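Text of model.csv, listed as CSV, C-alpha atoms:
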```csv
chain,number,residue,atom,x,y,z
A,231,MET,CA,40.9,3.1,12.2
A,232,HIS,CA,41.6,-0.7,12.2
A,233,GLY,CA,44.7,-1.5,14.3
A,234,VAL,CA,44.4,1.6,16.4
A,235,GLU,CA,43.7,1.9,20.1
A,236,ALA,CA,43.8,4.9,22.5
A,237,VAL,CA,45.5,5.8,25.7
A,238,VAL,CA,44.2,8.8,27.7
A,239,LEU,CA,46.5,10.3,30.4
A,240,VAL,CA,44.3,11.5,33.3
A,241,GLY,CA,46.7,11.3,36.3
A,242,GLY,CA,47.3,14.9,37.0
A,243,LYS,CA,46.3,16.7,40.2
A,244,GLY,CA,44.9,19.7,38.4
A,245,THR,CA,46.5,22.2,40.9
A,246,ARG,CA,45.9,25.2,38.6
A,247,LEU,CA,42.1,24.5,39.0
A,248,ARG,CA,42.0,24.4,42.7
A,249,PRO,CA,39.8,24.4,44.7
A,250,LEU,CA,37.6,22.6,42.2
A,251,THR,CA,40.0,19.7,42.0
A,252,LEU,CA,40.2,19.1,45.7
A,253,SER,CA,37.0,17.0,45.3
A,254,ALA,CA,37.4,15.6,41.8
A,255,PRO,CA,40.1,15.0,39.2
A,256,LYS,CA,40.3,17.7,36.5
A,257,PRO,CA,39.0,15.4,33.7
A,258,MET,CA,35.9,14.6,35.8
A,259,LEU,CA,34.8,18.2,36.4
A,260,PRO,CA,31.4,19.1,34.9
A,261,THR,CA,31.9,20.7,31.5
A,262,ALA,CA,28.8,21.5,29.4
A,263,GLY,CA,26.8,19.2,31.5
A,264,VAL,CA,29.0,16.1,31.7
A,265,PRO,CA,32.5,15.3,33.0
A,266,PHE,CA,35.0,16.7,30.6
A,267,LEU,CA,36.5,13.3,29.8
A,268,THR,CA,33.1,12.3,28.3
A,269,HIS,CA,33.6,14.8,25.5
A,270,LEU,CA,37.1,13.3,24.6
A,271,LEU,CA,35.8,9.7,24.8
A,272,SER,CA,32.9,10.6,22.6
A,273,ARG,CA,35.3,11.9,19.9
A,274,ILE,CA,37.5,8.8,20.2
A,275,LYS,CA,34.4,6.6,19.7
A,276,GLU,CA,33.2,8.8,16.8
A,277,ALA,CA,36.6,8.3,15.1
A,278,GLY,CA,36.1,4.5,15.2
A,279,ILE,CA,38.5,3.6,18.1
A,280,THR,CA,36.9,1.3,20.7
A,281,HIS,CA,39.6,0.1,23.0
A,282,VAL,CA,40.8,2.9,25.4
A,283,VAL,CA,43.2,2.6,28.3
A,284,LEU,CA,43.0,5.3,31.0
A,285,GLY,CA,46.3,6.1,32.8
A,286,THR,CA,45.0,7.3,36.2
A,287,SER,CA,46.7,8.4,39.5
A,288,TYR,CA,45.0,11.2,41.5
A,289,LYS,CA,41.6,10.0,42.8
A,290,ALA,CA,41.9,7.1,40.4
A,291,GLU,CA,38.8,5.3,41.7
A,292,VAL,CA,36.5,8.2,40.5
A,293,PHE,CA,37.0,7.3,36.8
A,294,GLU,CA,36.0,3.7,37.0
A,295,GLU,CA,33.1,4.4,39.3
A,296,TYR,CA,31.6,6.8,36.7
A,297,PHE,CA,32.6,5.1,33.4
A,298,GLY,CA,32.7,1.5,34.4
A,299,ASP,CA,33.7,-0.8,31.5
A,300,GLY,CA,32.8,1.9,28.9
A,301,SER,CA,29.9,0.0,27.4
A,302,ARG,CA,27.5,2.9,28.0
A,303,LEU,CA,29.7,4.9,25.6
A,304,GLY,CA,30.2,2.0,23.2
A,305,LEU,CA,33.8,1.6,24.3
A,306,GLU,CA,35.9,-1.0,26.0
A,307,LEU,CA,37.6,0.9,28.8
A,308,GLU,CA,40.5,-0.4,31.0
A,309,TYR,CA,42.3,1.4,33.8
A,310,VAL,CA,45.9,1.4,35.0
A,311,VAL,CA,46.9,3.3,38.2
A,312,GLU,CA,50.2,5.2,38.3
A,313,GLU,CA,51.4,4.6,41.9
A,314,VAL,CA,54.2,7.2,41.7
A,315,PRO,CA,54.5,10.1,39.3
A,316,LEU,CA,56.1,8.9,36.0
A,317,ASP,CA,55.7,12.0,33.8
A,318,THR,CA,54.2,11.7,30.3
A,319,ALA,CA,56.3,9.0,28.6
A,320,GLY,CA,56.5,7.1,31.8
A,321,ALA,CA,52.8,7.1,32.1
A,322,ILE,CA,52.4,5.8,28.6
A,323,ARG,CA,54.9,3.0,29.2
A,324,ASN,CA,53.0,2.2,32.4
A,325,VAL,CA,50.0,1.1,30.5
A,326,ALA,CA,51.9,-1.0,27.9
A,327,ASP,CA,50.7,-4.4,29.3
A,328,LYS,CA,47.1,-3.4,28.3
A,329,LEU,CA,47.9,-2.6,24.7
A,330,ARG,CA,47.3,-4.9,21.8
A,331,GLU,CA,47.3,-2.9,18.5
A,332,PRO,CA,50.3,-1.8,16.3
A,333,ASP,CA,49.3,1.9,16.5
A,334,VAL,CA,48.5,3.7,19.8
A,335,MET,CA,46.8,7.1,19.9
A,336,VAL,CA,47.7,9.0,23.0
A,337,PHE,CA,45.8,11.9,24.5
A,338,ASN,CA,46.4,14.4,27.3
A,339,GLY,CA,43.2,14.3,29.2
A,340,ASP,CA,42.8,18.0,29.7
A,341,ILE,CA,42.9,19.1,26.0
A,342,LEU,CA,39.8,20.2,24.1
A,343,SER,CA,40.4,19.9,20.4
A,344,GLY,CA,38.5,19.7,17.1
A,345,VAL,CA,41.3,18.0,15.1
A,346,ASP,CA,40.3,15.2,12.7
A,347,LEU,CA,41.6,12.1,14.6
A,348,THR,CA,41.5,9.9,11.5
A,349,GLY,CA,43.6,12.5,9.7
A,350,ILE,CA,46.4,12.2,12.3
A,351,VAL,CA,46.4,8.4,11.9
A,352,ASP,CA,46.4,8.8,8.1
A,353,THR,CA,49.5,11.1,8.3
A,354,HIS,CA,51.2,8.6,10.6
A,355,ARG,CA,50.7,5.7,8.2
A,356,GLU,CA,51.4,7.6,5.0
A,357,HIS,CA,54.8,8.7,6.3
A,358,GLU,CA,55.5,5.4,8.1
A,359,ALA,CA,56.4,7.4,11.2
A,360,ASP,CA,57.6,6.1,14.5
A,361,VAL,CA,55.6,8.8,16.2
A,362,THR,CA,53.2,11.4,14.8
A,363,LEU,CA,52.4,14.6,16.8
A,364,HIS,CA,49.4,16.8,16.4
A,365,LEU,CA,50.8,20.3,16.1
A,366,VAL,CA,48.6,23.3,16.3
A,367,LYS,CA,49.4,26.9,15.1
A,368,VAL,CA,48.8,29.5,17.8
A,369,ALA,CA,48.8,33.3,17.7
A,370,ASP,CA,51.4,33.7,20.5
A,371,PRO,CA,53.7,30.7,20.8
A,372,ARG,CA,56.0,32.2,23.4
A,373,ALA,CA,54.2,30.5,26.2
A,374,PHE,CA,54.7,27.1,24.7
A,375,GLY,CA,57.5,24.8,23.5
A,376,CYS,CA,57.8,25.0,19.7
A,377,VAL,CA,58.1,22.2,17.2
A,378,PRO,CA,59.6,23.2,13.8
A,379,THR,CA,59.1,20.9,10.8
A,380,ASP,CA,60.6,20.6,7.3
A,381,GLU,CA,58.7,20.9,4.0
A,382,GLU,CA,57.5,17.3,4.4
A,383,GLY,CA,56.2,17.8,7.9
A,384,ARG,CA,59.1,15.9,9.5
A,385,VAL,CA,59.9,17.2,13.0
A,386,GLN,CA,63.2,18.9,13.3
A,387,ALA,CA,63.5,19.8,17.0
A,388,PHE,CA,61.8,20.4,20.3
A,389,LEU,CA,62.5,23.9,21.5
A,390,GLU,CA,61.9,25.3,25.0
A,391,LYS,CA,59.8,28.4,25.6
A,392,THR,CA,61.5,31.5,24.1
A,393,GLU,CA,60.7,35.1,23.5
A,394,ASN,CA,61.5,34.7,19.8
A,395,PRO,CA,60.1,31.4,18.7
A,396,PRO,CA,61.1,30.3,15.2
A,397,THR,CA,57.7,28.8,14.5
A,398,ASP,CA,54.1,29.2,15.6
A,399,GLN,CA,53.7,25.4,15.8
A,400,ILE,CA,53.3,23.9,19.3
A,401,ASN,CA,52.9,20.4,20.7
A,402,ALA,CA,49.1,19.9,21.0
A,403,GLY,CA,49.2,16.9,23.4
A,404,CYS,CA,48.0,14.2,21.0
A,405,TYR,CA,50.2,11.6,19.4
A,406,VAL,CA,50.3,8.3,17.5
A,407,PHE,CA,53.0,5.9,18.6
A,408,ARG,CA,54.2,2.7,17.0
A,409,ARG,CA,53.7,0.1,19.7
A,410,GLU,CA,57.4,-0.8,19.6
A,411,VAL,CA,58.4,2.8,20.5
A,412,ILE,CA,56.2,2.6,23.6
A,413,ASP,CA,57.9,-0.7,24.6
A,414,ALA,CA,61.3,0.9,24.3
A,415,ILE,CA,60.5,3.6,26.9
A,416,PRO,CA,62.3,2.8,30.2
A,417,ALA,CA,59.9,1.3,32.7
A,418,GLY,CA,59.4,2.2,36.3
A,419,ARG,CA,60.9,5.7,36.4
A,420,PRO,CA,59.8,9.2,35.3
A,421,VAL,CA,60.3,9.8,31.6
A,422,SER,CA,59.3,13.0,29.7
A,423,VAL,CA,58.2,12.7,26.0
A,424,GLU,CA,59.3,16.3,25.3
A,425,ARG,CA,62.7,16.2,27.1
A,426,GLU,CA,63.8,12.6,26.7
A,427,THR,CA,61.7,10.4,24.4
A,428,PHE,CA,61.3,12.6,21.4
A,429,PRO,CA,64.8,14.2,21.4
A,430,GLY,CA,66.2,10.7,21.8
A,431,LEU,CA,64.2,9.4,18.8
A,432,LEU,CA,65.4,12.4,16.7
A,433,GLU,CA,69.0,11.7,17.7
A,434,ALA,CA,68.6,8.1,16.7
A,435,GLY,CA,67.3,9.1,13.2
A,436,ARG,CA,63.8,7.9,13.8
A,437,ARG,CA,60.9,9.4,11.9
A,438,LEU,CA,58.8,11.9,13.9
A,439,GLN,CA,56.1,13.4,11.8
A,440,GLY,CA,54.0,16.5,12.5
A,441,HIS,CA,50.3,16.7,11.6
A,442,VAL,CA,49.7,20.5,11.5
A,443,ASP,CA,46.3,22.1,11.6
A,444,ALA,CA,44.5,25.2,12.8
A,445,THR,CA,41.3,23.7,14.2
A,446,TYR,CA,39.9,24.4,17.6
A,447,TRP,CA,42.4,23.7,20.4
A,448,LEU,CA,42.3,24.7,24.1
A,449,ASP,CA,44.2,23.5,27.2
A,450,LEU,CA,41.7,23.5,30.0
A,451,GLY,CA,44.3,23.7,32.8
A,452,LYS,CA,43.3,27.2,34.1
A,453,PRO,CA,39.9,28.4,35.3
A,454,GLU,CA,39.5,31.0,32.5
A,455,ALA,CA,40.2,28.3,29.9
A,456,PHE,CA,37.9,25.8,31.6
A,457,VAL,CA,35.1,28.4,31.6
A,458,GLN,CA,35.8,29.2,27.9
A,459,GLY,CA,35.9,25.5,26.9
A,460,SER,CA,32.6,24.7,28.6
A,461,ALA,CA,30.9,27.7,26.9
A,462,ASP,CA,32.4,26.7,23.5
A,463,LEU,CA,31.0,23.2,23.9
A,464,VAL,CA,27.6,24.4,24.9
A,465,ARG,CA,27.4,26.7,21.9
A,466,GLY,CA,28.8,24.2,19.5
A,467,VAL,CA,32.0,26.2,18.8
A,468,ALA,CA,34.0,23.2,20.0
A,469,PRO,CA,32.9,19.8,18.7
A,470,SER,CA,31.5,17.0,20.9
A,471,ALA,CA,29.1,14.2,20.3
A,472,ALA,CA,28.3,14.4,24.0
A,473,VAL,CA,26.4,17.7,23.5
A,474,ALA,CA,23.1,16.8,22.0
A,475,GLN,CA,21.8,20.2,21.0
A,476,PRO,CA,24.2,23.2,21.0
A,477,GLY,CA,22.6,26.5,22.1
A,478,ASP,CA,23.3,29.7,24.0
A,479,PHE,CA,23.0,27.9,27.4
A,480,LEU,CA,22.4,24.5,28.9
A,481,VAL,CA,20.3,23.6,31.9
A,482,LEU,CA,20.2,20.1,33.4
A,483,GLU,CA,17.2,18.3,34.8
A,484,GLY,CA,15.8,19.4,38.2
A,485,SER,CA,17.0,23.0,38.0
A,486,SER,CA,14.8,26.0,38.5
A,487,ILE,CA,15.5,29.2,36.6
A,488,HIS,CA,13.2,32.1,37.5
A,489,GLU,CA,11.6,33.7,34.4
A,490,GLY,CA,13.1,37.0,35.4
A,491,ALA,CA,16.6,35.6,35.4
A,492,THR,CA,19.0,36.0,32.4
A,493,VAL,CA,21.1,33.0,31.2
A,494,ARG,CA,23.4,33.4,28.2
A,495,GLY,CA,26.9,33.2,26.8
A,496,GLY,CA,27.2,29.4,26.8
A,497,SER,CA,26.4,29.1,30.5
A,498,ALA,CA,26.0,25.5,31.9
A,499,VAL,CA,23.7,25.0,34.8
A,500,GLY,CA,24.0,21.6,36.6
A,501,SER,CA,21.1,19.5,38.0
A,502,ASN,CA,19.0,20.7,41.0
A,503,CYS,CA,20.3,24.3,40.8
A,504,THR,CA,18.3,27.4,41.6
A,505,VAL,CA,18.6,30.8,39.9
A,506,ALA,CA,16.5,33.5,41.4
A,507,ASP,CA,14.7,36.5,39.9
A,508,GLY,CA,16.9,39.2,38.3
A,509,ALA,CA,20.1,37.0,38.5
A,510,VAL,CA,22.4,37.1,35.4
A,511,LEU,CA,24.5,34.1,34.3
A,512,ASP,CA,26.9,34.9,31.5
A,513,GLY,CA,29.4,32.3,30.5
A,514,ALA,CA,28.9,30.8,33.9
A,515,ILE,CA,29.3,27.2,35.2
A,516,LEU,CA,27.1,26.1,38.1
A,517,PHE,CA,27.9,22.6,39.5
A,518,ASP,CA,25.0,20.5,40.8
A,519,GLY,CA,22.9,22.0,43.6
A,520,ALA,CA,24.3,25.5,43.3
A,521,VAL,CA,22.1,28.5,44.2
A,522,VAL,CA,22.3,32.0,42.8
A,523,GLY,CA,20.2,34.6,44.6
A,524,GLU,CA,18.1,37.6,43.5
A,525,GLY,CA,20.0,40.1,41.3
A,526,ALA,CA,23.3,38.3,41.6
A,527,VAL,CA,25.7,38.3,38.7
A,528,VAL,CA,27.9,35.4,37.7
A,529,GLU,CA,30.1,36.1,34.7
A,530,ARG,CA,32.8,33.8,33.3
A,531,SER,CA,32.9,32.1,36.7
A,532,ILE,CA,32.5,28.7,38.3
A,533,VAL,CA,30.2,28.0,41.3
A,534,GLY,CA,30.9,24.6,43.0
A,535,ALA,CA,28.4,22.0,44.0
A,536,GLY,CA,26.0,23.1,46.7
A,537,ALA,CA,27.5,26.6,46.9
A,538,LEU,CA,25.3,29.6,47.6
A,539,VAL,CA,25.7,33.0,45.9
A,540,GLN,CA,23.4,35.4,47.8
A,541,ALA,CA,21.4,38.3,46.6
A,542,GLY,CA,23.3,41.1,44.8
A,543,ALA,CA,26.7,39.4,44.8
A,544,VAL,CA,28.9,39.8,41.8
A,545,LEU,CA,31.3,37.1,40.5
A,546,ARG,CA,33.5,38.0,37.5
A,547,ASP,CA,36.3,35.6,36.5
A,548,ALA,CA,36.0,33.9,39.9
A,549,VAL,CA,36.0,30.3,41.3
A,550,VAL,CA,33.8,29.3,44.2
A,551,GLY,CA,34.4,25.9,45.9
A,552,ASP,CA,31.8,23.3,46.8
A,553,SER,CA,29.4,24.4,49.6
A,554,ALA,CA,30.9,27.8,50.0
A,555,VAL,CA,28.7,30.8,50.8
A,556,ILE,CA,29.2,34.2,49.0
A,557,GLY,CA,27.4,36.8,51.2
A,558,ALA,CA,25.0,39.3,49.7
A,559,ARG,CA,26.6,42.2,47.9
A,560,CYS,CA,30.1,40.6,47.9
A,561,GLU,CA,32.2,41.3,44.8
A,562,LEU,CA,34.7,38.6,43.6
A,563,ILE,CA,36.5,39.6,40.4
A,564,GLY,CA,39.8,39.0,38.5
A,565,GLY,CA,40.7,35.5,39.5
A,566,ALA,CA,39.4,35.4,43.1
A,567,ARG,CA,39.1,31.9,44.5
A,568,VAL,CA,37.0,30.8,47.5
A,569,TRP,CA,37.8,27.4,49.1
A,570,PRO,CA,35.1,24.8,49.9
A,571,GLY,CA,32.9,25.5,52.8
A,572,VAL,CA,34.1,29.0,53.4
A,573,VAL,CA,31.4,31.5,54.4
A,574,LEU,CA,31.9,35.2,53.3
A,575,PRO,CA,29.6,37.6,55.3
A,576,GLU,CA,27.4,40.2,53.6
A,577,ALA,CA,29.5,42.7,51.7
A,578,GLY,CA,32.5,41.0,53.4
A,579,VAL,CA,34.7,41.1,50.2
A,580,ARG,CA,34.3,43.9,47.7
A,581,PHE,CA,36.4,45.5,45.0
A,582,SER,CA,34.5,48.7,44.8
A,583,THR,CA,33.1,51.1,47.5
A,584,ASP,CA,29.9,49.9,49.2
A,585,ALA,CA,27.2,52.2,48.0
```

The structure given in the file should be rewritten as structure tokens.
Amino acid sequence: MHGVEAVVLVGGKGTRLRPLTLSAPKPMLPTAGVPFLTHLLSRIKEAGITHVVLGTSYKAEVFEEYFGDGSRLGLELEYVVEEVPLDTAGAIRNVADKLREPDVMVFNGDILSGVDLTGIVDTHREHEADVTLHLVKVADPRAFGCVPTDEEGRVQAFLEKTENPPTDQINAGCYVFRREVIDAIPAGRPVSVERETFPGLLEAGRRLQGHVDATYWLDLGKPEAFVQGSADLVRGVAPSAAVAQPGDFLVLEGSSIHEGATVRGGSAVGSNCTVADGAVLDGAILFDGAVVGEGAVVERSIVGAGALVQAGAVLRDAVVGDSAVIGARCELIGGARVWPGVVLPEAGVRFSTDA
């Protein structure tokens, strides 16, 4: 990977994950025991890239406070703050002054992927491309913009979402740019790679190459995907050098799990949590200091830092903000969200009759 550096775009507000992102940027939310960005940075380091520039905006200070200069991960990290929203290409152009290599690998900071990063760079150089895009095949491409390629893998077009997509290949949010292409992006204004930069390059006859694969890929933008991604990392379904020992669950230091509790399904329990007798965690994420009472059930749900789920409560596909209290025998299911500090009384919210 000589001559390659990385840019990671982590400026988004993560509105689809609220209320969790009210207190932390999406890439810094605990995922399989560490901030999600740790998993991506570990894969970048594993691929042999050492210089990484983070394009930050929302709660920008949190990243540098946690990762510092990157030496703890064996990386050299630099930070550039986006003062006003610049969209994807604008954010890439905004970090150009920090770049120094001929090839720049760009990552969206909320994508969990198992793609061979070295393979993308090899494709880029083999075809002498101006930009190479990681394209992933999905079962239902209707929710995504599609990217058709020819028999040599050369990108033909960028198509908006449609009910009848002509291909199952979608933009997976990872690219390799020639440095001069980044320098040609207009500075100081919002620019979209999908709507302006890439179509403009195609129109100019430049080479955009697709690197197509069918490895693990997940956009962690929504709560259900965030829960799945964390569980997949815990179980080793999704690759990460930041997960030391994959297993059916993960419990961090200082937490107390009663011997009568059940923890399974890739659940991740943060530090200093308490899980009482008879409680069931299945595909759950507990942030630091969360408490789950006797007989409570937490399935495919996220419980924020310092939150309390009292005895007999049931959470299925729910999100509980930091320091909230879910009263005994409450039921939160099907996408319910509770904002930080909210207190629900005993049996105050239910989706079935109170026996």

With the cut-off set at 10 Å and counting only C-alpha atoms, tabulate each residue of region 348-385 of chain A with an atom at most that distance from an atom of region 402-422 of chain A, showing the nearest atom pair and its distance in Å to one decimal, ordered by chain and increasing number, as a tab-separated table.
```
residue	atom	partner	partner_atom	distance
A:Ile350	CA	A:Val406	CA	7.6
A:Val351	CA	A:Val406	CA	6.8
A:Thr353	CA	A:Val406	CA	9.6
A:His354	CA	A:Val406	CA	7.0
A:Arg355	CA	A:Val406	CA	9.7
A:Glu358	CA	A:Arg408	CA	9.4
A:Ala359	CA	A:Arg408	CA	7.8
A:Asp360	CA	A:Arg408	CA	5.4
A:Val361	CA	A:Phe407	CA	4.6
A:Thr362	CA	A:Val406	CA	5.0
A:Leu363	CA	A:Tyr405	CA	4.5
A:His364	CA	A:Cys404	CA	5.5
A:Leu365	CA	A:Ala402	CA	5.2
A:Val366	CA	A:Ala402	CA	5.8
A:Lys367	CA	A:Ala402	CA	9.2
A:Phe374	CA	A:Ala402	CA	9.8
```

Find the residues around Leu448 (chain A) up to 8 Å (only C-alpha atoms counted), leave out those fewer than 2 positions away in its own chain, and share them as a PDB file with C-alpha atoms, in the frame of the given file.
```pdb
ATOM      1  CA  ILE A 341      42.900  19.100  26.000  1.00  0.00           C
ATOM      2  CA  LEU A 342      39.800  20.200  24.100  1.00  0.00           C
ATOM      3  CA  SER A 343      40.400  19.900  20.400  1.00  0.00           C
ATOM      4  CA  TYR A 446      39.900  24.400  17.600  1.00  0.00           C
ATOM      5  CA  LEU A 450      41.700  23.500  30.000  1.00  0.00           C
ATOM      6  CA  ALA A 455      40.200  28.300  29.900  1.00  0.00           C
ATOM      7  CA  GLY A 459      35.900  25.500  26.900  1.00  0.00           C
TER       8      GLY A 459
END
```

Next item on the list: Just give me the gap between CA of Phe337 (chain A) and CA of Gly263 (chain A) in Å, one decimal is fine.
Entry: 21.5 Å

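If you look at CA of Ala554 (chain A) and CA of Thr492 (chain A), they are 22.8 Å away from each other.
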
Next item on the list: For Leu247 (chain A), work out the shell of residues within 7 Å, counting all atoms listed in the file and skipping chain neighbours fewer than 5 positions away, then give it as a PyMOL selection string.
Entry: chain A and resi 451-453

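Reported to one decimal place, the separation of CA of Arg273 (chain A) from CA of Ser470 (chain A) is 6.4 Å.
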
Next item on the list: With a distance cut-off of 7 Å and only C-alpha atoms, select the neighbouring residues of Ser531 (chain A), excluding the residue or stretch itself and same-chain residues fewer than 4 positions from it, and output the selection as a ChimeraX atom specification.
Entry: /A:457,514-515,545-549

Item checked: Minimum-distance residue to Ser582 (chain A), chosen among A:Ala537, A:Val464, A:Glu561, A:Gly525 (using only C-alpha atoms) -> A:Glu561

Item checked: Exercise: Ala461 (chain A) partners within 8 Å, only C-alpha atoms, chain neighbours under 5 positions left out, as an MDAnalysis selection string -> chainID A and resid 262 479 495:498 513:514

Check: Which is closest to Pro315 (chain A) among A:Pro255, A:Glu276, A:Gly241, A:Lys289, if we use all atoms listed in the file?
Finding: A:Gly241

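Between Pro257 (chain A) and the residues A:Gly278, A:Gly339, A:Pro332, A:Gly233, the shortest atom-to-atom distance, using all atoms listed in the file, involves A:Gly339.
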
Checklist line | Near-Ala506 (chain A) list (9 Å; all atoms listed in the file; drop same-chain fewer than 4 positions) as a list in words | finding: Ser486, Ile487, His488, Glu489, Gly490, Ala491, Val521, Val522, Gly523, Glu524, Gly525, Ala526 and Ala541 of chain A
